[in-house]
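Shown next: my_file.txt, containing compact mmCIF, C-alpha atoms.
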```txt
# COMPACT_ATOMS: atom_id res chain seq x y z
CA MET A 66 -7.46 -6.10 15.61
CA LEU A 67 -7.83 -8.22 12.50
CA LEU A 68 -5.29 -8.80 9.74
CA LEU A 69 -2.35 -6.80 11.02
CA GLY A 70 -4.62 -3.99 12.13
CA LEU A 71 -3.96 -1.95 8.98
CA ALA A 72 -7.03 -0.06 7.81
CA ALA A 73 -6.14 -0.34 4.13
CA LEU A 74 -5.51 -4.07 4.34
CA VAL A 75 -8.71 -4.74 6.21
CA GLY A 76 -10.50 -2.72 3.53
CA VAL A 77 -9.04 -4.96 0.85
CA MET A 78 -10.19 -8.08 2.69
CA ALA A 79 -13.68 -6.66 2.97
CA GLY A 80 -13.71 -6.42 -0.82
CA ALA A 81 -13.68 -2.64 -0.92
CA GLY A 82 -12.27 -1.28 -4.18
CA CYS A 83 -9.77 1.56 -4.34
CA SER A 84 -11.21 5.00 -4.81
CA SER A 85 -10.64 6.36 -8.29
CA GLY A 86 -11.61 9.92 -7.50
CA ASP A 87 -14.77 11.94 -7.11
CA ASP A 88 -17.47 11.88 -9.79
CA ALA A 89 -16.80 14.40 -12.52
CA SER A 90 -20.23 15.90 -11.91
CA THR A 91 -19.04 17.26 -8.58
CA ALA A 92 -16.21 19.26 -10.11
CA PRO A 93 -16.69 23.05 -10.08
CA GLN A 94 -17.93 24.42 -13.40
CA PRO A 95 -16.35 27.50 -15.02
CA THR A 96 -18.40 30.66 -15.06
CA SER A 97 -19.97 31.24 -18.45
CA ALA A 98 -19.48 34.45 -20.37
CA ALA A 99 -23.18 35.23 -20.09
CA ALA A 100 -23.09 34.79 -16.33
CA ALA A 101 -20.00 36.96 -16.06
CA SER A 102 -21.60 39.76 -18.07
CA SER A 103 -24.62 39.80 -15.78
CA VAL A 104 -22.55 40.82 -12.77
CA ALA A 105 -22.92 44.52 -12.00
CA PRO A 106 -19.70 46.46 -12.70
CA THR A 107 -17.76 47.86 -9.80
CA PRO A 108 -18.27 51.66 -9.64
CA SER A 109 -15.19 53.77 -10.08
CA THR A 110 -14.16 56.19 -7.36
CA SER A 111 -15.44 59.05 -9.50
CA ASP A 112 -18.95 57.64 -9.15
CA LEU A 113 -18.73 57.74 -5.36
CA ASP A 114 -18.86 60.74 -3.13
CA GLU A 115 -16.01 61.31 -0.76
CA SER A 116 -17.79 59.76 2.23
CA SER A 117 -18.44 56.49 0.39
CA THR A 118 -14.93 55.93 -0.95
CA VAL A 119 -13.70 52.42 0.02
CA PRO A 120 -10.23 52.48 1.56
CA ALA A 121 -7.57 50.28 -0.03
CA ASP A 122 -6.87 46.92 1.58
CA THR A 123 -3.50 47.35 3.27
CA ARG A 124 -3.30 43.85 4.72
CA PRO A 125 -0.22 41.84 3.60
CA PRO A 126 -1.00 38.95 1.24
CA GLU A 127 -1.41 35.60 2.95
CA SER A 128 1.28 33.02 2.37
CA PRO A 129 0.06 30.24 0.10
CA VAL A 130 -0.69 26.98 1.90
CA PRO A 131 0.88 24.02 0.08
CA PRO A 132 -1.55 21.22 -0.73
CA PRO A 133 -1.14 17.96 1.19
CA ALA A 134 1.14 15.42 -0.44
CA VAL A 135 -0.79 12.71 -2.23
CA ILE A 136 0.19 9.33 -3.57
CA PRO A 137 -1.41 8.05 -6.78
CA ASP A 138 -3.79 5.24 -5.93
CA THR A 139 -1.97 2.82 -8.23
CA GLY A 140 1.11 0.67 -8.08
CA VAL A 141 3.24 -0.02 -5.02
CA PRO A 142 5.34 3.02 -4.10
CA GLY A 143 8.68 2.31 -2.47
CA LEU A 144 9.61 -1.01 -4.08
CA ASP A 145 12.70 0.67 -5.53
CA SER A 146 13.48 2.85 -2.52
CA ALA A 147 17.15 3.33 -1.67
CA ASP A 148 16.21 3.16 2.01
CA GLY A 149 16.34 -0.49 3.13
CA PHE A 150 13.64 -0.14 5.78
CA CYS A 151 11.23 1.68 3.46
CA ARG A 152 11.84 -0.80 0.64
CA ALA A 153 11.26 -3.77 2.96
CA TRP A 154 8.01 -2.25 4.18
CA SER A 155 6.75 -1.74 0.63
CA GLU A 156 7.69 -5.30 -0.30
CA PHE A 157 5.90 -6.70 2.74
CA ALA A 158 2.80 -4.51 2.85
CA GLY A 159 2.44 -4.36 -0.93
CA SER A 160 2.64 -8.15 -1.14
CA PHE A 161 0.15 -8.53 1.70
CA GLN A 162 -2.37 -6.22 0.06
CA ALA A 163 -2.08 -7.97 -3.31
CA LEU A 164 -2.44 -11.40 -1.70
CA ALA A 165 -5.37 -10.28 0.43
CA LEU A 166 -7.17 -9.06 -2.67
CA ALA A 167 -6.45 -12.35 -4.47
CA SER A 168 -7.67 -14.30 -1.44
CA ALA A 169 -10.93 -12.37 -1.41
CA ARG A 170 -11.71 -12.27 -5.14
CA ALA A 171 -9.68 -14.79 -7.13
CA GLU A 172 -10.09 -18.55 -7.38
CA ARG A 173 -8.46 -20.39 -4.48
CA ILE A 174 -5.73 -21.98 -6.60
CA THR A 175 -4.91 -18.61 -8.21
CA ALA A 176 -4.57 -16.97 -4.80
CA ALA A 177 -2.47 -19.88 -3.50
CA ARG A 178 -0.14 -19.70 -6.50
CA ALA A 179 0.42 -15.99 -5.92
CA GLU A 180 1.04 -16.56 -2.22
CA VAL A 181 3.62 -19.29 -2.83
CA ALA A 182 5.35 -17.04 -5.38
CA ALA A 183 5.47 -14.19 -2.86
CA SER A 184 6.61 -16.31 0.08
CA SER A 185 10.38 -15.72 -0.15
CA VAL A 186 9.86 -11.99 -0.74
CA ILE A 187 7.71 -11.67 2.38
CA ILE A 188 10.19 -13.59 4.54
CA GLU A 189 13.16 -11.55 3.31
CA ALA A 190 11.21 -8.31 3.76
CA VAL A 191 10.42 -9.13 7.39
CA GLU A 192 14.08 -9.97 8.01
CA ALA A 193 15.05 -6.62 6.46
CA LEU A 194 12.54 -4.72 8.60
CA ASP A 195 14.36 -6.12 11.63
CA ALA A 196 17.88 -5.56 10.24
CA GLU A 197 17.20 -2.06 8.91
CA LEU A 198 15.04 -0.82 11.80
CA PRO A 199 15.77 2.88 12.46
CA ALA A 200 17.16 3.60 15.93
CA GLU A 201 14.18 5.75 16.85
CA LEU A 202 11.87 2.74 16.42
CA GLU A 203 13.83 0.41 18.71
CA SER A 204 11.09 0.49 21.35
CA GLU A 205 8.67 -1.04 18.80
CA ARG A 206 11.03 -3.69 17.36
CA GLU A 207 9.25 -6.67 18.91
CA ALA A 208 5.77 -5.27 18.30
CA LEU A 209 6.60 -4.73 14.61
CA THR A 210 8.71 -7.76 13.68
CA VAL A 211 7.04 -10.34 15.93
CA GLY A 212 3.55 -9.03 16.63
CA LEU A 213 2.57 -7.17 13.46
CA VAL A 214 4.36 -8.77 10.51
CA GLY A 215 5.45 -11.99 12.21
CA PRO A 216 2.17 -13.91 11.67
CA MET A 217 2.26 -13.35 7.90
CA ALA A 218 5.94 -14.27 7.81
CA ARG A 219 5.19 -17.60 9.48
CA ARG A 220 2.43 -18.29 6.97
CA ALA A 221 4.84 -17.42 4.15
CA GLN A 222 7.39 -19.85 5.58
CA THR A 223 4.82 -22.65 5.29
CA ALA A 224 4.26 -21.73 1.63
CA LEU A 225 8.02 -21.59 0.99
CA ASP A 226 8.53 -24.98 2.67
CA GLY A 227 6.00 -26.43 0.23
CA LEU A 228 7.83 -24.92 -2.73
CA GLN A 229 11.11 -26.39 -1.58
CA SER A 230 9.45 -29.77 -0.95
CA ALA A 231 8.21 -29.67 -4.54
CA GLY A 232 11.87 -29.59 -5.62
CA ALA A 233 12.71 -25.91 -6.02
CA ASP A 234 16.33 -25.09 -5.26
CA SER A 235 17.61 -21.74 -3.97
CA GLY A 236 18.13 -20.36 -7.47
CA GLN A 237 14.62 -21.29 -8.55
CA VAL A 238 13.15 -19.85 -5.34
CA GLY A 239 15.02 -16.63 -6.08
CA ALA A 240 13.74 -16.56 -9.67
CA ILE A 241 10.17 -17.01 -8.46
CA GLY A 242 10.61 -14.21 -5.91
CA ASP A 243 11.99 -11.91 -8.61
CA ALA A 244 9.02 -12.78 -10.82
CA TRP A 245 6.65 -11.92 -7.98
CA LEU A 246 8.24 -8.51 -7.47
CA ALA A 247 8.10 -7.87 -11.22
CA ALA A 248 4.41 -8.75 -11.27
CA LEU A 249 3.75 -6.59 -8.21
CA THR A 250 5.57 -3.66 -9.80
CA GLN A 251 3.72 -3.99 -13.09
CA THR A 252 0.26 -4.94 -11.85
CA GLY A 253 0.09 -3.07 -8.56
CA LEU A 254 -2.71 -3.73 -6.11
CA ASP A 255 -5.78 -3.62 -8.33
CA ASP A 256 -5.90 -7.05 -10.01
CA PRO A 257 -6.84 -10.08 -7.89
CA ASN A 258 -5.63 -12.38 -10.67
CA ILE A 259 -2.05 -11.15 -10.49
CA ALA A 260 0.06 -13.40 -12.74
CA VAL A 261 3.63 -14.52 -12.13
CA ALA A 262 5.62 -15.34 -15.28
CA VAL A 263 8.42 -17.90 -14.85
CA ASP A 264 10.16 -20.52 -16.99
CA ALA A 265 8.23 -23.71 -17.70
CA ASP A 266 10.24 -25.96 -15.35
CA VAL A 267 9.86 -23.51 -12.48
CA ASP A 268 6.21 -22.98 -13.36
CA ASP A 269 5.54 -26.69 -12.82
CA LEU A 270 7.11 -26.57 -9.35
CA LEU A 271 5.03 -23.51 -8.52
CA ASP A 272 1.85 -25.31 -9.58
CA VAL A 273 2.64 -28.34 -7.39
CA ALA A 274 3.39 -26.17 -4.36
CA ALA A 275 0.29 -24.03 -4.93
CA ALA A 276 -1.98 -27.07 -5.07
CA SER A 277 -0.55 -28.36 -1.80
CA PHE A 278 -0.79 -24.97 -0.10
CA ALA A 279 -4.38 -24.44 -1.26
CA SER A 280 -5.40 -27.79 0.21
CA THR A 281 -3.84 -27.22 3.63
CA ALA A 282 -3.83 -23.48 4.39
CA PRO A 283 -7.01 -21.42 4.87
CA PRO A 284 -7.50 -18.29 2.78
CA ILE A 285 -5.93 -15.20 4.29
CA ALA A 286 -9.34 -13.83 5.27
CA ASN A 287 -10.12 -16.98 7.27
CA ASP A 288 -6.74 -17.52 8.90
CA PRO A 289 -7.04 -16.96 12.68
CA SER A 290 -3.25 -16.95 13.04
CA LEU A 291 -3.19 -13.53 11.38
CA ILE A 292 -5.22 -11.94 14.17
CA THR A 293 -3.04 -9.59 16.19
CA ASP A 294 -3.43 -6.61 18.50
CA ALA A 295 0.14 -5.37 18.01
CA ALA A 296 0.36 -1.57 18.13
CA THR A 297 3.15 0.32 16.34
CA PRO A 298 2.17 4.02 16.23
CA LEU A 299 5.78 5.26 16.05
CA THR A 300 6.51 2.98 13.11
CA PHE A 301 3.49 4.15 11.14
CA ALA A 302 4.35 7.79 11.87
CA PHE A 303 7.91 7.14 10.64
CA LEU A 304 6.68 5.45 7.45
CA SER A 305 4.32 8.33 6.76
CA ALA A 306 7.01 10.95 7.25
CA ASN A 307 10.02 9.26 5.68
CA CYS A 308 9.09 6.57 3.15
CA PRO A 309 7.95 6.92 -0.49
CA ASP A 310 4.47 5.51 0.18
CA GLN A 311 3.92 8.17 2.89
CA GLY A 312 1.84 5.73 4.88
CA ILE A 313 -0.59 4.72 2.13
CA LEU A 314 0.30 1.03 2.51
CA GLY A 315 -0.51 1.32 6.20
CA GLY A 316 -3.92 2.89 5.81
CA ASN A 317 -3.45 6.50 4.64
CA ASP A 318 -6.22 6.91 2.09
CA ILE A 319 -5.18 10.31 0.68
CA VAL A 320 -5.11 9.50 -3.02
CA ASP A 321 -4.64 11.42 -6.21
CA GLN A 322 -7.89 12.84 -7.51
CA PRO A 323 -7.93 13.11 -11.34
```

Please re-express this file's structure in C-alpha cells.
Amino acid sequence: MLLLGLAALVGVMAGAGCSSGDDASTAPQPTSAAAASSVAPTPSTSDLDESSTVPADTRPPESPVPPPAVIPDTGVPGLDSADGFCRAWSEFAGSFQALALASARAERITAARAEVAASSVIIEAVEALDAELPAELESEREALTVGLVGPMARRAQTALDGLQSAGADSGQVGAIGDAWLAALTQTGLDDPNIAVAVDADVDDLLDVAAASFASTAPPIANDPSLITDAATPLTFAFLSANCPDQGILGGNDIVDQP
C-alpha cells in the first residue's frame, strides 16, 4: 500500500485534481410554462362516474431522509478543532496532502522549502496522535503511530535536523511552524506552490535548509521509506464519525457540489 495507504493522498500524488462539482449542463432544468400548460388537467370527481372514482391515498407521509453530510472540497477542516486527536490528524494529513501536491507539481526547491517549513508541525502532530489517542483505538496505536504516520514523521525529522543545522533555534523553528499552519489554513490543498511567509532572517535559514534537503532527500512520490501496509480501519471509522473533516483527509471523497 503506497504512501500511507490513503486513497485521497495517493490521488494527489498521481496528479489528480480535486473535483469541483458536476458540469452545470447535467443539472435538472425547470419545467417551462409552455410545457406545464401542455399537461392534461386532472379530471374532477364530477367528471368521473362512481365506479371510476379514485380513492384517497391514506398512507402516512414518509419521513424525510436527511442528505449525507458533505465537506466543502476546499481548505483543511479540523485545524482549529478543540479535540486534540482530531486537530493532530488534520495537521498531519493536511500537511501531507499539501506536500504531496507540491512534490508532484511544484519545482523541487519549492517543494523542499514547504516540507522543511512543515517538518516541526508534522512531528508534533504525530506525537499528539499518540498522546491524544482515544481509548477505543488502543488496539491500533502501533499501527497508526508507527506504521501509518511514522514513516512521514521520520522524514520530517530529517528536514527539521537540517533546519536546526542551518542555525534555527527553537523560537525560529516555532515561528516557521506557525507560518506553515497559517499558509495551510489560508491556501488549503489546491496550490502546489504554497508559500510560507516568515521574517527575512528566518527566511534565509529556511532557504539554506531547503537547498540541503532537496539535494539529499527524494521527492515524496519517489521515497520508498513511505511505503507501508499498515491497516487502521477503526481509526478511519473514528475520524469519519467524530472529527470535523469526517474522513475527507483519509480518502472520503464526498464533496460539496455547487

Skipping near chain neighbours, those fewer than 4 positions away, what residues fall within 6 Å of range 144-161 of chain A using only C-alpha atoms, listed as an NGL selection string? :A and (165 or 187 or 190 or 193-194 or 197 or 308)

Write the residues of the selection above to a file with C-alpha atoms, as a compact mmCIF listing (two decimals), in the frame of the given file.
```
# COMPACT_ATOMS: atom_id res chain seq x y z
CA ALA A 165 -5.37 -10.28 0.43
CA ILE A 187 7.71 -11.67 2.38
CA ALA A 190 11.21 -8.31 3.76
CA ALA A 193 15.05 -6.62 6.46
CA LEU A 194 12.54 -4.72 8.60
CA GLU A 197 17.20 -2.06 8.91
CA CYS A 308 9.09 6.57 3.15
```

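Atom pair CA of Asn287 in chain A / CA of Met217 in chain A: separated by 12.9 Å.
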
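In terms of minimum interatomic distance to Ala182 in chain A, A:Ile241 ranks closest within A:Ile241, A:Ala265, A:Ala247, A:Val214, counting all atoms listed in the file.
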
Expressed in Å, the length from CA of Leu299 in chain A to CA of Leu164 in chain A is 25.7 Å

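By all atoms listed in the file, and with residues fewer than 6 positions from Ser185 in chain A along its chain excluded, the set lying at most 9 Å from it is Ala221, Gln222, Ala224, Leu225, Val238, Gly239, Ile241 and Gly242 of chain A.
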
Go ahead and save the picked residues with C-alpha atoms, as a compact mmCIF listing (two decimals), keeping the file's coordinate frame.
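Output file again.txt is given in full below:
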```
# COMPACT_ATOMS: atom_id res chain seq x y z
CA ALA A 221 4.84 -17.42 4.15
CA GLN A 222 7.39 -19.85 5.58
CA ALA A 224 4.26 -21.73 1.63
CA LEU A 225 8.02 -21.59 0.99
CA VAL A 238 13.15 -19.85 -5.34
CA GLY A 239 15.02 -16.63 -6.08
CA ILE A 241 10.17 -17.01 -8.46
CA GLY A 242 10.61 -14.21 -5.91
```

Give me the residues of range 152-202 of chain A that have any atom at most 12 Å from an atom of range 271-281 of chain A; for each, the nearest atom pair and the distance in Å, rounded to one decimal. Use all atoms listed in the file, sort by chain and number, and format it as a Markdown table.
```
| residue | atom | partner | partner_atom | distance |
| --- | --- | --- | --- | --- |
| A:Ser168 | CA | A:Ala279 | CA | 10.7 |
| A:Glu172 | CA | A:Ala279 | CA | 10.2 |
| A:Arg173 | CA | A:Ala279 | CA | 6.6 |
| A:Ile174 | CA | A:Ala279 | CA | 6.0 |
| A:Thr175 | CA | A:Ala275 | CA | 8.2 |
| A:Ala176 | CA | A:Ala279 | CA | 8.3 |
| A:Ala177 | CA | A:Ala275 | CA | 5.2 |
| A:Arg178 | CA | A:Ala275 | CA | 4.6 |
| A:Ala179 | CA | A:Ala275 | CA | 8.1 |
| A:Glu180 | CA | A:Ala275 | CA | 8.0 |
| A:Val181 | CA | A:Ala275 | CA | 6.2 |
| A:Ala182 | CA | A:Leu271 | CA | 7.2 |
| A:Ala183 | CA | A:Leu271 | CA | 10.9 |
| A:Ser184 | CA | A:Ala275 | CA | 11.2 |
```

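CA of Thr210 in chain A to CA of Gln311 in chain A spans 19.8 Å [interatomic distance, one decimal].
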
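Using all atoms listed in the file for every distance, the candidate list A:Leu246, A:Pro216, A:Ile259, A:Thr252 yields A:Pro216 as the residue closest to Asp288 in chain A.
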
Determine, counting only C-alpha atoms, which protein, DNA and RNA residues have an atom within 8 Å of an atom of Gly312 in chain A; residues of the same chain fewer than 5 positions away are not included. Present the result as a compact mmCIF listing (two decimals) with C-alpha atoms, keeping the file's coordinate frame.
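Printed below is part00.txt as written:
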```
# COMPACT_ATOMS: atom_id res chain seq x y z
CA PHE A 301 3.49 4.15 11.14
CA ALA A 302 4.35 7.79 11.87
CA LEU A 304 6.68 5.45 7.45
CA SER A 305 4.32 8.33 6.76
CA ALA A 306 7.01 10.95 7.25
CA ASN A 317 -3.45 6.50 4.64
```

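Compared by their closest atoms to Pro199 in chain A, and using only C-alpha atoms, the residues A:Gln162, A:Thr300, A:Gln251, A:Ser235 rank with A:Thr300 nearest.
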